[in-house]
$ cat model.txt   # compact mmCIF, C-alpha atoms
# COMPACT_ATOMS: atom_id res chain seq x y z
CA MET A 86 119.63 19.51 3.85
CA ASP A 87 119.92 23.13 4.85
CA VAL A 88 117.84 25.84 3.21
CA VAL A 89 120.53 26.94 0.76
CA SER A 90 121.22 23.41 -0.46
CA GLN A 91 117.52 22.76 -0.87
CA LEU A 92 117.08 25.91 -2.90
CA GLN A 93 120.13 25.12 -4.99
CA ARG A 94 118.79 21.62 -5.66
CA GLN A 95 115.45 23.13 -6.67
CA PHE A 96 117.21 25.59 -8.93
CA LEU A 97 119.20 22.88 -10.67
CA ASP A 98 116.20 20.62 -11.14
CA PHE A 99 114.14 23.46 -12.49
CA THR A 100 116.83 24.62 -14.87
CA THR A 101 117.35 21.08 -16.15
CA SER A 102 113.66 20.78 -16.90
CA LEU A 103 113.62 24.07 -18.81
CA TYR A 104 116.32 22.82 -21.15
CA ARG A 105 114.86 19.33 -21.39
CA GLU A 106 111.41 20.65 -22.28
CA GLY A 107 112.91 22.93 -24.91
CA PHE A 108 111.89 26.22 -23.31
CA LEU A 109 115.51 27.31 -23.34
CA ASP A 110 118.39 26.39 -25.59
CA ASP A 111 122.13 26.80 -25.54
CA GLN A 112 121.93 30.53 -26.20
CA PHE A 113 120.65 31.00 -22.64
CA VAL A 114 123.80 29.27 -21.41
CA GLN A 115 125.82 31.72 -23.54
CA LEU A 116 124.03 34.62 -21.86
CA GLN A 117 124.93 33.29 -18.43
CA LYS A 118 128.56 33.01 -19.48
CA LEU A 119 128.55 36.74 -20.18
CA GLN A 120 127.47 37.50 -16.63
CA ASP A 121 130.15 38.08 -14.04
CA GLU A 122 130.96 40.14 -10.94
CA SER A 123 131.29 43.28 -13.05
CA ASN A 124 127.90 42.61 -14.68
CA PRO A 125 125.98 40.56 -12.12
CA GLU A 126 122.55 41.46 -13.50
CA PHE A 127 123.25 40.96 -17.17
CA VAL A 128 120.91 38.03 -17.79
CA ILE A 129 117.99 39.61 -15.95
CA GLU A 130 118.58 42.87 -17.82
CA VAL A 131 118.55 41.25 -21.24
CA VAL A 132 115.56 39.09 -20.41
CA SER A 133 113.67 42.12 -19.08
CA LEU A 134 114.35 43.93 -22.33
CA PHE A 135 113.04 40.86 -24.13
CA PHE A 136 109.83 40.88 -22.06
CA GLU A 137 109.22 44.58 -22.73
CA ASP A 138 109.95 44.22 -26.42
CA SER A 139 107.78 41.10 -26.73
CA GLU A 140 104.70 42.71 -25.16
CA LYS A 141 104.93 45.48 -27.74
CA LEU A 142 105.47 43.03 -30.57
CA LEU A 143 102.49 40.91 -29.54
CA ASN A 144 100.25 43.96 -29.34
CA ASN A 145 101.38 45.14 -32.75
CA LEU A 146 100.88 41.68 -34.21
CA SER A 147 97.34 41.49 -32.85
CA THR A 148 96.55 44.87 -34.33
CA ALA A 149 98.12 44.03 -37.67
CA LEU A 150 96.17 40.79 -38.00
CA GLN A 151 92.90 42.47 -37.11
CA GLN A 152 93.13 44.87 -40.03
CA HIS A 153 90.46 44.54 -42.69
CA ILE A 154 93.18 44.06 -45.25
CA VAL A 155 96.13 42.37 -43.60
CA ASP A 156 99.53 43.78 -44.49
CA TYR A 157 101.52 40.55 -44.53
CA LYS A 158 104.78 42.36 -45.06
CA GLN A 159 104.25 44.19 -41.82
CA VAL A 160 103.21 41.04 -39.98
CA ASP A 161 106.26 39.23 -41.34
CA ALA A 162 108.54 42.06 -40.26
CA LEU A 163 107.16 41.86 -36.73
CA VAL A 164 107.49 38.09 -36.58
CA HIS A 165 111.03 38.36 -37.93
CA GLN A 166 111.82 40.73 -35.06
CA PHE A 167 110.27 38.37 -32.54
CA LYS A 168 112.15 35.42 -34.01
CA GLY A 169 115.38 37.37 -33.68
CA SER A 170 114.88 38.49 -30.11
CA SER A 171 113.68 35.10 -28.87
CA SER A 172 116.63 33.47 -30.58
CA SER A 173 119.01 35.95 -28.96
CA ILE A 174 117.93 35.02 -25.44
CA GLY A 175 117.52 31.31 -26.09
CA ALA A 176 113.72 31.13 -25.95
CA GLN A 177 113.63 28.15 -28.27
CA ARG A 178 109.94 27.31 -28.34
CA VAL A 179 108.95 30.90 -29.04
CA LYS A 180 111.49 31.05 -31.83
CA ASN A 181 110.19 27.82 -33.38
CA VAL A 182 106.62 29.13 -33.53
CA CYS A 183 107.95 32.26 -35.22
CA VAL A 184 109.47 30.11 -37.95
CA SER A 185 106.08 28.55 -38.73
CA PHE A 186 104.44 31.93 -38.40
CA ARG A 187 106.66 33.39 -41.13
CA ASN A 188 105.71 30.54 -43.46
CA TYR A 189 102.03 31.38 -43.05
CA CYS A 190 102.83 35.03 -43.73
CA GLU A 191 104.52 34.07 -46.94
CA GLU A 192 101.45 32.07 -47.95
CA LYS A 193 99.23 34.95 -46.89
CA ASN A 194 97.29 32.41 -44.89
CA VAL A 195 95.28 34.47 -42.39
CA GLU A 196 93.96 31.51 -40.43
CA GLY A 197 97.41 30.02 -40.12
CA CYS A 198 98.67 33.39 -38.95
CA PHE A 199 95.97 33.68 -36.33
CA ARG A 200 96.73 30.22 -35.03
CA CYS A 201 100.41 31.06 -34.83
CA LEU A 202 99.67 34.28 -33.03
CA GLN A 203 97.77 32.35 -30.37
CA GLN A 204 100.53 29.79 -30.20
CA VAL A 205 103.32 32.33 -29.92
CA LYS A 206 101.44 34.22 -27.21
CA HIS A 207 101.01 30.97 -25.35
CA GLU A 208 104.66 29.97 -25.65
CA TYR A 209 105.78 33.45 -24.69
CA HIS A 210 103.72 33.40 -21.49
CA LEU A 211 104.97 29.92 -20.66
CA VAL A 212 108.61 30.90 -20.94
CA LYS A 213 108.04 34.22 -19.20
CA SER A 214 106.47 32.60 -16.14
CA ARG A 215 109.27 30.05 -16.02
CA LEU A 216 112.00 32.65 -16.28
CA ASP A 217 110.30 34.76 -13.62
CA ALA A 218 110.27 31.69 -11.37
CA LEU A 219 113.92 31.00 -12.16
CA PHE A 220 114.99 34.52 -11.26
CA LYS A 221 112.92 34.36 -8.07
CA LEU A 222 114.73 31.17 -7.06
CA GLU A 223 118.05 32.87 -7.71
CA GLN A 224 117.06 35.76 -5.46
CA GLN A 225 116.01 33.33 -2.74
CA ILE A 226 119.34 31.53 -2.89
CA LEU A 227 121.26 34.78 -2.70
CA ALA A 228 119.07 36.07 0.13
CA ALA A 229 119.75 32.88 2.06
CA GLY A 230 123.46 33.57 1.70
CA GLY A 231 124.15 30.96 -0.97
CA SER A 232 125.55 31.19 -4.46
CA VAL A 233 123.69 30.36 -7.63
CA PRO A 234 125.01 27.15 -9.18
CA MET A 235 126.37 27.62 -12.68
CA ILE A 236 125.46 25.21 -15.39
CA ALA A 237 127.96 24.63 -18.15
CA MET B 33 155.58 50.85 -33.03
CA ALA B 34 153.78 49.95 -29.80
CA ILE B 35 151.74 46.78 -29.80
CA ALA B 36 148.05 47.65 -29.92
CA THR B 37 146.04 46.42 -26.95
CA GLU B 38 142.31 45.73 -26.96
CA SER B 39 141.46 48.79 -24.90
CA GLU B 40 142.75 50.93 -27.79
CA PHE B 41 140.13 49.51 -30.11
CA HIS B 42 136.78 51.16 -30.49
CA VAL B 43 133.96 49.25 -32.12
CA LEU B 44 130.79 50.81 -33.45
CA ALA B 45 127.87 48.36 -33.28
CA VAL B 46 124.75 48.98 -35.34
CA ASP B 47 121.50 47.09 -34.70
CA ASP B 48 117.85 48.11 -34.58
CA SER B 49 117.07 45.49 -31.91
CA ILE B 50 117.61 46.71 -28.37
CA ILE B 51 118.18 43.14 -27.18
CA ASP B 52 120.84 42.50 -29.78
CA ARG B 53 122.50 45.84 -29.04
CA LYS B 54 122.76 44.87 -25.41
CA LEU B 55 124.16 41.47 -26.33
CA ILE B 56 126.76 42.71 -28.78
CA GLU B 57 127.80 45.45 -26.38
CA ARG B 58 128.40 42.88 -23.65
CA LEU B 59 130.26 40.57 -26.00
CA LEU B 60 132.51 43.40 -27.14
CA LYS B 61 133.11 44.79 -23.66
CA THR B 62 133.94 41.31 -22.40
CA SER B 63 136.67 41.36 -25.05
CA SER B 64 137.86 44.69 -23.63
CA TYR B 65 136.87 46.85 -26.57
CA GLN B 66 135.42 50.30 -26.28
CA VAL B 67 131.90 50.17 -27.61
CA THR B 68 129.40 52.59 -29.08
CA THR B 69 126.00 51.26 -30.11
CA VAL B 70 123.52 52.95 -32.44
CA ASP B 71 120.15 51.77 -33.67
CA SER B 72 120.38 52.66 -37.36
CA GLY B 73 122.69 53.00 -40.33
CA SER B 74 122.02 56.71 -40.61
CA LYS B 75 122.97 57.25 -36.95
CA ALA B 76 126.11 55.21 -37.60
CA LEU B 77 127.08 57.48 -40.48
CA GLN B 78 126.34 60.52 -38.35
CA PHE B 79 128.60 59.19 -35.64
CA LEU B 80 131.32 58.51 -38.17
CA GLY B 81 131.14 62.10 -39.39
CA PHE B 82 130.07 61.02 -42.85
CA HIS B 83 129.17 63.83 -45.21
CA GLU B 84 127.12 63.16 -48.32
CA ASP B 85 129.24 65.51 -50.42
CA GLU B 86 132.31 63.43 -49.71
CA GLU B 87 133.26 61.82 -52.99
CA SER B 88 135.72 59.12 -53.79
CA ASN B 89 135.45 60.32 -57.36
CA GLN B 90 138.74 61.87 -58.31
CA ASN B 91 137.14 63.96 -60.99
CA GLN B 92 135.37 66.05 -58.42
CA PRO B 93 136.60 69.57 -59.27
CA SER B 94 135.78 71.31 -56.00
CA VAL B 95 137.84 70.97 -52.89
CA SER B 96 136.17 68.59 -50.44
CA PRO B 97 136.30 69.71 -46.81
CA MET B 98 138.75 68.09 -44.44
CA ILE B 99 136.71 65.51 -42.56
CA HIS B 100 137.86 65.44 -38.99
CA ARG B 101 136.61 62.42 -37.16
CA GLU B 102 136.35 63.26 -33.49
CA VAL B 103 136.34 59.66 -32.45
CA GLN B 104 138.45 56.89 -33.91
CA VAL B 105 136.40 53.87 -34.88
CA ASN B 106 138.43 50.75 -35.53
CA LEU B 107 135.65 48.43 -36.67
CA ILE B 108 132.00 48.59 -37.53
CA ILE B 109 129.77 45.61 -36.81
CA THR B 110 126.28 45.90 -38.20
CA ASP B 111 123.07 43.93 -38.45
CA TYR B 112 121.98 43.20 -42.00
CA CYS B 113 118.19 43.50 -41.68
CA MET B 114 117.35 46.99 -40.51
CA PRO B 115 114.49 49.27 -41.54
CA GLY B 116 115.55 52.14 -43.79
CA MET B 117 119.24 51.64 -44.41
CA THR B 118 120.19 47.96 -44.35
CA GLY B 119 123.57 46.77 -43.16
CA TYR B 120 124.48 46.22 -46.79
CA ASP B 121 123.56 49.82 -47.67
CA LEU B 122 125.70 51.01 -44.78
CA LEU B 123 128.57 48.82 -45.89
CA LYS B 124 128.38 50.27 -49.40
CA LYS B 125 128.35 53.84 -48.15
CA ILE B 126 131.38 53.18 -45.97
CA LYS B 127 133.35 51.52 -48.75
CA GLU B 128 132.49 54.35 -51.13
CA SER B 129 133.74 56.96 -48.69
CA SER B 130 137.34 58.01 -49.02
CA SER B 131 137.75 58.66 -45.32
CA LEU B 132 135.82 55.66 -44.03
CA ARG B 133 136.61 52.87 -46.47
CA ASN B 134 139.55 51.50 -44.51
CA ILE B 135 137.46 50.80 -41.45
CA PRO B 136 136.79 47.05 -41.38
CA VAL B 137 133.09 46.18 -41.51
CA VAL B 138 131.46 43.00 -40.21
CA ILE B 139 127.89 41.99 -40.99
CA MET B 140 125.57 40.03 -38.67
CA SER B 141 122.40 38.32 -39.76
CA SER B 142 119.87 35.92 -38.31
CA GLU B 143 119.36 34.43 -41.75
CA ASN B 144 121.74 32.08 -43.46
CA VAL B 145 121.39 33.16 -47.08
CA PRO B 146 124.53 32.30 -49.09
CA SER B 147 123.81 34.89 -51.80
CA ARG B 148 123.47 37.55 -49.12
CA ILE B 149 126.70 36.47 -47.47
CA ASN B 150 128.53 36.51 -50.81
CA ARG B 151 127.19 39.93 -51.71
CA CYS B 152 128.42 41.40 -48.44
CA LEU B 153 131.84 39.82 -48.67
CA GLU B 154 132.20 41.00 -52.26
CA GLU B 155 131.28 44.51 -51.21
CA GLY B 156 134.17 44.43 -48.75
CA ALA B 157 132.82 43.05 -45.48
CA GLU B 158 135.54 41.26 -43.56
CA GLU B 159 133.30 38.73 -41.87
CA PHE B 160 129.71 37.59 -41.83
CA PHE B 161 128.40 36.33 -38.49
CA LEU B 162 125.21 34.35 -38.03
CA LYS B 163 123.10 35.44 -35.09
CA PRO B 164 123.05 34.88 -32.23
CA VAL B 165 126.63 36.11 -32.21
CA ARG B 166 128.98 34.40 -29.80
CA LEU B 167 132.28 35.15 -28.11
CA SER B 168 134.01 32.85 -30.60
CA ASP B 169 132.80 35.19 -33.36
CA VAL B 170 133.93 38.32 -31.53
CA ASN B 171 137.37 36.73 -31.08
CA LYS B 172 137.76 36.93 -34.86
CA LEU B 173 137.59 40.73 -34.89
CA LYS B 174 140.98 41.66 -33.53
CA PRO B 175 143.16 40.71 -36.54
CA HIS B 176 141.07 42.98 -38.76
CA MET B 177 141.49 45.93 -36.42
CA VAL B 178 145.21 45.34 -35.95
CA LYS B 179 145.68 45.15 -39.71
CA ALA B 180 143.71 48.34 -40.32
CA LYS B 181 145.66 50.20 -37.66
CA ALA B 182 148.97 49.05 -39.13
CA LYS B 183 147.85 50.25 -42.53
CA ASP B 184 146.85 53.64 -41.09
CA HIS B 185 150.33 54.06 -39.65
CA GLN B 186 151.99 53.17 -42.93
CA GLU B 187 150.04 55.40 -45.27
CA PRO B 188 150.02 59.21 -45.47
CA ALA B 189 146.76 60.86 -44.41
CA LYS B 190 144.14 60.41 -47.13
CA GLN B 191 142.04 63.32 -45.96
CA GLY B 192 143.76 65.85 -48.16
CA PRO B 193 141.87 68.64 -49.94
CA GLU B 194 142.05 67.05 -53.38
CA GLY B 195 140.57 63.80 -52.17
CA SER B 196 142.97 62.01 -54.45
CA GLU B 197 143.90 58.45 -53.78
CA THR B 198 147.34 57.02 -53.47
CA PRO B 199 147.82 53.94 -55.61
CA GLU B 200 148.39 51.95 -52.42
CA VAL B 201 144.93 52.76 -51.14
CA GLN B 202 143.27 51.96 -54.43
CA SER B 203 144.73 48.52 -54.60
CA VAL B 204 143.31 47.51 -51.22
CA GLN B 205 139.60 47.60 -52.01
CA PRO B 206 137.81 45.60 -53.26
CA GLN B 207 140.39 43.26 -54.71
CA GLN B 208 140.82 40.06 -52.84
CA THR B 209 144.25 38.73 -52.09
CA PRO B 210 144.42 34.95 -51.86
CA ALA B 211 144.65 35.19 -48.07
CA GLN B 212 141.57 37.36 -47.92
CA SER B 213 139.70 35.04 -50.25
CA SER B 214 140.33 32.04 -48.08
CA ASN B 215 139.17 33.96 -45.00
CA LYS B 216 135.99 34.84 -46.78
CA ARG B 217 135.46 31.32 -48.05
CA LYS B 218 135.86 30.18 -44.49
CA ALA B 219 133.20 32.62 -43.37
CA ILE B 220 130.80 31.30 -45.97
CA GLU B 221 131.47 27.72 -45.03
CA GLU B 222 131.07 28.55 -41.39
CA GLY B 223 127.96 30.47 -42.18
CA ILE B 224 126.39 27.54 -43.94
CA SER B 225 127.57 24.85 -41.59
CA GLN B 226 126.73 26.74 -38.40
CA GLU B 227 123.07 26.00 -38.85
CA ARG B 228 123.69 22.28 -39.11
CA THR B 229 126.34 21.87 -36.49
CA ARG B 230 125.07 24.27 -33.83
CA PRO B 231 125.40 22.16 -30.71
CA ARG B 232 122.11 21.23 -29.16
CA TYR B 233 121.89 21.52 -25.43
CA SER B 234 122.34 18.14 -23.80
CA GLY B 235 123.47 17.15 -20.38
CA LEU B 236 124.54 19.30 -17.53
CA THR B 237 127.78 19.76 -15.75
CA VAL B 238 127.60 21.56 -12.48
CA ILE B 239 130.54 23.78 -11.80

$ encode --input "model.txt" --output "structure tokens"
Amino acid sequence: MDVVSQLQRQFLDFTTSLYREGFLDDQFVQLQKLQDESNPEFVIEVVSLFFEDSEKLLNNLSTALQQHIVDYKQVDALVHQFKGSSSSIGAQRVKNVCVSFRNYCEEKNVEGCFRCLQQVKHEYHLVKSRLDALFKLEQQILAAGGSVPMIA
Amino acid sequence: MAIATESEFHVLAVDDSIIDRKLIERLLKTSSYQVTTVDSGSKALQFLGFHEDEESNQNQPSVSPMIHREVQVNLIITDYCMPGMTGYDLLKKIKESSSLRNIPVVIMSSENVPSRINRCLEEGAEEFFLKPVRLSDVNKLKPHMVKAKAKDHQEPAKQGPEGSETPEVQSVQPQQTPAQSSNKRKAIEEGISQERTRPRYSGLTVI
């Protein structure tokens, strides 16, 4: 197999695993459908916005939960934001933790909230490293003169 | 009358999330609409040239100023949950405004709350989309814009000094014609069923 085919095979296998392991859901497919020759960087742009936004959200969440008296409304508002943005890019596992997180907010359960914060940080870093790897593979394929296989 | 093409339609999208603004902008541009995005209801009203002293109340004795909208907006699509002015608040303000009330408004929300959906539809929203919004949702926008444009061509300008309403205008909002009701029922059904029938990702087809 030549270099391009190898890379394309790698890309497909990797992508398959991301969906199979629930890191990404159908919304990520929808994002890719919105990318075309006139907007070739759309997915990377949206995902980059998501990364930037998420770092801020995670910092704010940490701060909010460290307050002497936790403002659960504020925590909930932040988690709601995170749930929305992760859902919008198809980061399924992050979104699912946010759902549990909001339940703990409603119960004003500080331990539950702390656990969820750790969990959501963990899931966020997992999906971020995987998406970074995915984009890197794409760049490698393009640099080798190939085209990135589309998954429908 | 010339047939309206998509490029003649200008959509104002309102969302406090930068990710969702980027998404909705792409969805709308893919459908060949002109797009303006703002991050709050108050900025939306600013853009629309909304003035607080603008009253739909006919008893207002003073002459209200002629509101000249620099830019034509054919549809407003707004997120529901926003800090400060919610999408519902924005919807209300638009429907209460004599110069803005004929602009179709669509609400988006990440939460499937039937009472919320009903409230928005009753207040005059044309559609209620569950997030994440898809192309299939955006494809539903055109009929509303075409209808509103046709209505604009039929009626005399409402932005007269007295601010008085023609009977024709008054009968449009917020009464529901049977056709409108069924559209809205459909939106509710879709809204509720979307959660259950959202296809889960399975299998791959390589193009």

$ interface_residues --input "model.txt" --of "chain A" --to "chain B" --cutoff "10 Å" --atoms "all atoms listed in the file" --output "PyMOL selection string"
chain A and resi 97+100-101+104-105+107+109-116+118-121+123-124+127-128+130-135+138+162+165-175+234-237

$ closest_residue --input "model.txt" --among "B:Ser64, B:Asn144, B:Lys179, B:Ile126" --to "B:Gly156" --atoms "only C-alpha atoms"
B:Ile126

$ atom_distance --input "model.txt" --atom1 "atom CA of A:Phe186" --atom2 "atom CA of A:Val205"
8.6 Å

$ residues_around --input "model.txt" --residues "B:Gln104" --least-positions-apart "6" --cutoff "12 Å" --atoms "all atoms listed in the file" --output "PyMOL selection string"
chain B and resi 40-44+66-68+79-81+131-132+134-135+177+180-181+184

$ atom_distance --input "model.txt" --atom1 "atom CA of A:Leu143" --atom2 "atom CA of A:Glu126"
25.7 Å

$ residues_around --input "model.txt" --residues "A:Ala149" --least-positions-apart "2" --cutoff "12 Å" --atoms "all atoms listed in the file" --output "ChimeraX atom specification"
/A:142-147,151-164,190,195,198-199,202

$ write_last_selection --input "model.txt" --atoms "C-alpha atoms" --output "compact mmCIF listing (two decimals), in the frame of the given file"
# COMPACT_ATOMS: atom_id res chain seq x y z
CA LEU A 142 105.47 43.03 -30.57
CA LEU A 143 102.49 40.91 -29.54
CA ASN A 144 100.25 43.96 -29.34
CA ASN A 145 101.38 45.14 -32.75
CA LEU A 146 100.88 41.68 -34.21
CA SER A 147 97.34 41.49 -32.85
CA GLN A 151 92.90 42.47 -37.11
CA GLN A 152 93.13 44.87 -40.03
CA HIS A 153 90.46 44.54 -42.69
CA ILE A 154 93.18 44.06 -45.25
CA VAL A 155 96.13 42.37 -43.60
CA ASP A 156 99.53 43.78 -44.49
CA TYR A 157 101.52 40.55 -44.53
CA LYS A 158 104.78 42.36 -45.06
CA GLN A 159 104.25 44.19 -41.82
CA VAL A 160 103.21 41.04 -39.98
CA ASP A 161 106.26 39.23 -41.34
CA ALA A 162 108.54 42.06 -40.26
CA LEU A 163 107.16 41.86 -36.73
CA VAL A 164 107.49 38.09 -36.58
CA CYS A 190 102.83 35.03 -43.73
CA VAL A 195 95.28 34.47 -42.39
CA CYS A 198 98.67 33.39 -38.95
CA PHE A 199 95.97 33.68 -36.33
CA LEU A 202 99.67 34.28 -33.03

$ atom_distance --input "model.txt" --atom1 "atom CA of B:Arg151" --atom2 "atom CA of B:Tyr120"
8.4 Å

$ residues_around --input "model.txt" --residues "B:Lys124" --least-positions-apart "4" --cutoff "9 Å" --atoms "only C-alpha atoms" --output "PyMOL selection string"
chain B and resi 119-120+128-129+152+155-156

$ axis_aligned_box --input "model.txt" --around "stretch 41-58 of chain B" --padding-each-side "5 Å" --output "lines of an AutoDock Vina configuration file"
center_x = 128.6
center_y = 46.3
center_z = -29.5
size_x = 33.1
size_y = 19.7
size_z = 21.7

$ residues_near_point --input "model.txt" --point "(105.3, 27.1, -29.7)" --cutoff "6 Å" --atoms "all atoms listed in the file" --output "PyMOL selection string"
chain A and resi 178-179+182+204-205+208

$ residues_around --input "model.txt" --residues "A:Gln95" --least-positions-apart "2" --cutoff "12 Å" --atoms "only C-alpha atoms" --output "PyMOL selection string"
chain A and resi 86+88-93+97-102+218-219+221-223+225-226+233-234

$ closest_residue --input "model.txt" --among "A:Ala176, A:Ala228, A:Leu216, A:Val184" --to "A:Phe108" --atoms "all atoms listed in the file"
A:Ala176

$ build_atoms --input "model.txt" --residues "stretch 128-139 of chain B" --atoms "N, CA, C and O atoms" --output "PDB file, keeping the file's coordinate frame"
ATOM      1  N   GLU B 128     132.429  53.319 -50.100  1.00  0.00           N
ATOM      2  CA  GLU B 128     132.490  54.350 -51.130  1.00  0.00           C
ATOM      3  C   GLU B 128     133.072  55.655 -50.602  1.00  0.00           C
ATOM      4  O   GLU B 128     133.339  56.578 -51.359  1.00  0.00           O
ATOM      5  N   SER B 129     133.256  55.718 -49.295  1.00  0.00           N
ATOM      6  CA  SER B 129     133.740  56.960 -48.690  1.00  0.00           C
ATOM      7  C   SER B 129     135.259  56.944 -48.562  1.00  0.00           C
ATOM      8  O   SER B 129     135.835  55.991 -48.026  1.00  0.00           O
ATOM      9  N   SER B 130     135.883  57.996 -49.034  1.00  0.00           N
ATOM     10  CA  SER B 130     137.340  58.010 -49.020  1.00  0.00           C
ATOM     11  C   SER B 130     137.916  58.023 -47.612  1.00  0.00           C
ATOM     12  O   SER B 130     138.983  57.476 -47.373  1.00  0.00           O
ATOM     13  N   SER B 131     137.181  58.608 -46.675  1.00  0.00           N
ATOM     14  CA  SER B 131     137.750  58.660 -45.320  1.00  0.00           C
ATOM     15  C   SER B 131     137.344  57.466 -44.459  1.00  0.00           C
ATOM     16  O   SER B 131     137.974  57.188 -43.457  1.00  0.00           O
ATOM     17  N   LEU B 132     136.312  56.745 -44.890  1.00  0.00           N
ATOM     18  CA  LEU B 132     135.820  55.660 -44.030  1.00  0.00           C
ATOM     19  C   LEU B 132     136.154  54.259 -44.556  1.00  0.00           C
ATOM     20  O   LEU B 132     136.037  53.283 -43.838  1.00  0.00           O
ATOM     21  N   ARG B 133     136.553  54.187 -45.837  1.00  0.00           N
ATOM     22  CA  ARG B 133     136.610  52.870 -46.470  1.00  0.00           C
ATOM     23  C   ARG B 133     137.601  51.909 -45.839  1.00  0.00           C
ATOM     24  O   ARG B 133     137.483  50.707 -46.008  1.00  0.00           O
ATOM     25  N   ASN B 134     138.590  52.414 -45.117  1.00  0.00           N
ATOM     26  CA  ASN B 134     139.550  51.500 -44.510  1.00  0.00           C
ATOM     27  C   ASN B 134     139.105  50.919 -43.184  1.00  0.00           C
ATOM     28  O   ASN B 134     139.799  50.091 -42.593  1.00  0.00           O
ATOM     29  N   ILE B 135     137.962  51.365 -42.700  1.00  0.00           N
ATOM     30  CA  ILE B 135     137.460  50.800 -41.450  1.00  0.00           C
ATOM     31  C   ILE B 135     136.862  49.428 -41.771  1.00  0.00           C
ATOM     32  O   ILE B 135     135.970  49.317 -42.616  1.00  0.00           O
ATOM     33  N   PRO B 136     137.352  48.375 -41.114  1.00  0.00           N
ATOM     34  CA  PRO B 136     136.790  47.050 -41.380  1.00  0.00           C
ATOM     35  C   PRO B 136     135.317  46.991 -40.956  1.00  0.00           C
ATOM     36  O   PRO B 136     134.929  47.559 -39.928  1.00  0.00           O
ATOM     37  N   VAL B 137     134.522  46.304 -41.783  1.00  0.00           N
ATOM     38  CA  VAL B 137     133.090  46.180 -41.510  1.00  0.00           C
ATOM     39  C   VAL B 137     132.716  44.704 -41.409  1.00  0.00           C
ATOM     40  O   VAL B 137     133.155  43.882 -42.220  1.00  0.00           O
ATOM     41  N   VAL B 138     131.940  44.376 -40.412  1.00  0.00           N
ATOM     42  CA  VAL B 138     131.460  43.000 -40.210  1.00  0.00           C
ATOM     43  C   VAL B 138     129.946  43.028 -40.222  1.00  0.00           C
ATOM     44  O   VAL B 138     129.332  43.921 -39.646  1.00  0.00           O
ATOM     45  N   ILE B 139     129.353  42.047 -40.897  1.00  0.00           N
ATOM     46  CA  ILE B 139     127.890  41.990 -40.990  1.00  0.00           C
ATOM     47  C   ILE B 139     127.375  40.859 -40.100  1.00  0.00           C
ATOM     48  O   ILE B 139     127.993  39.788 -40.016  1.00  0.00           O
TER      49      ILE B 139
END
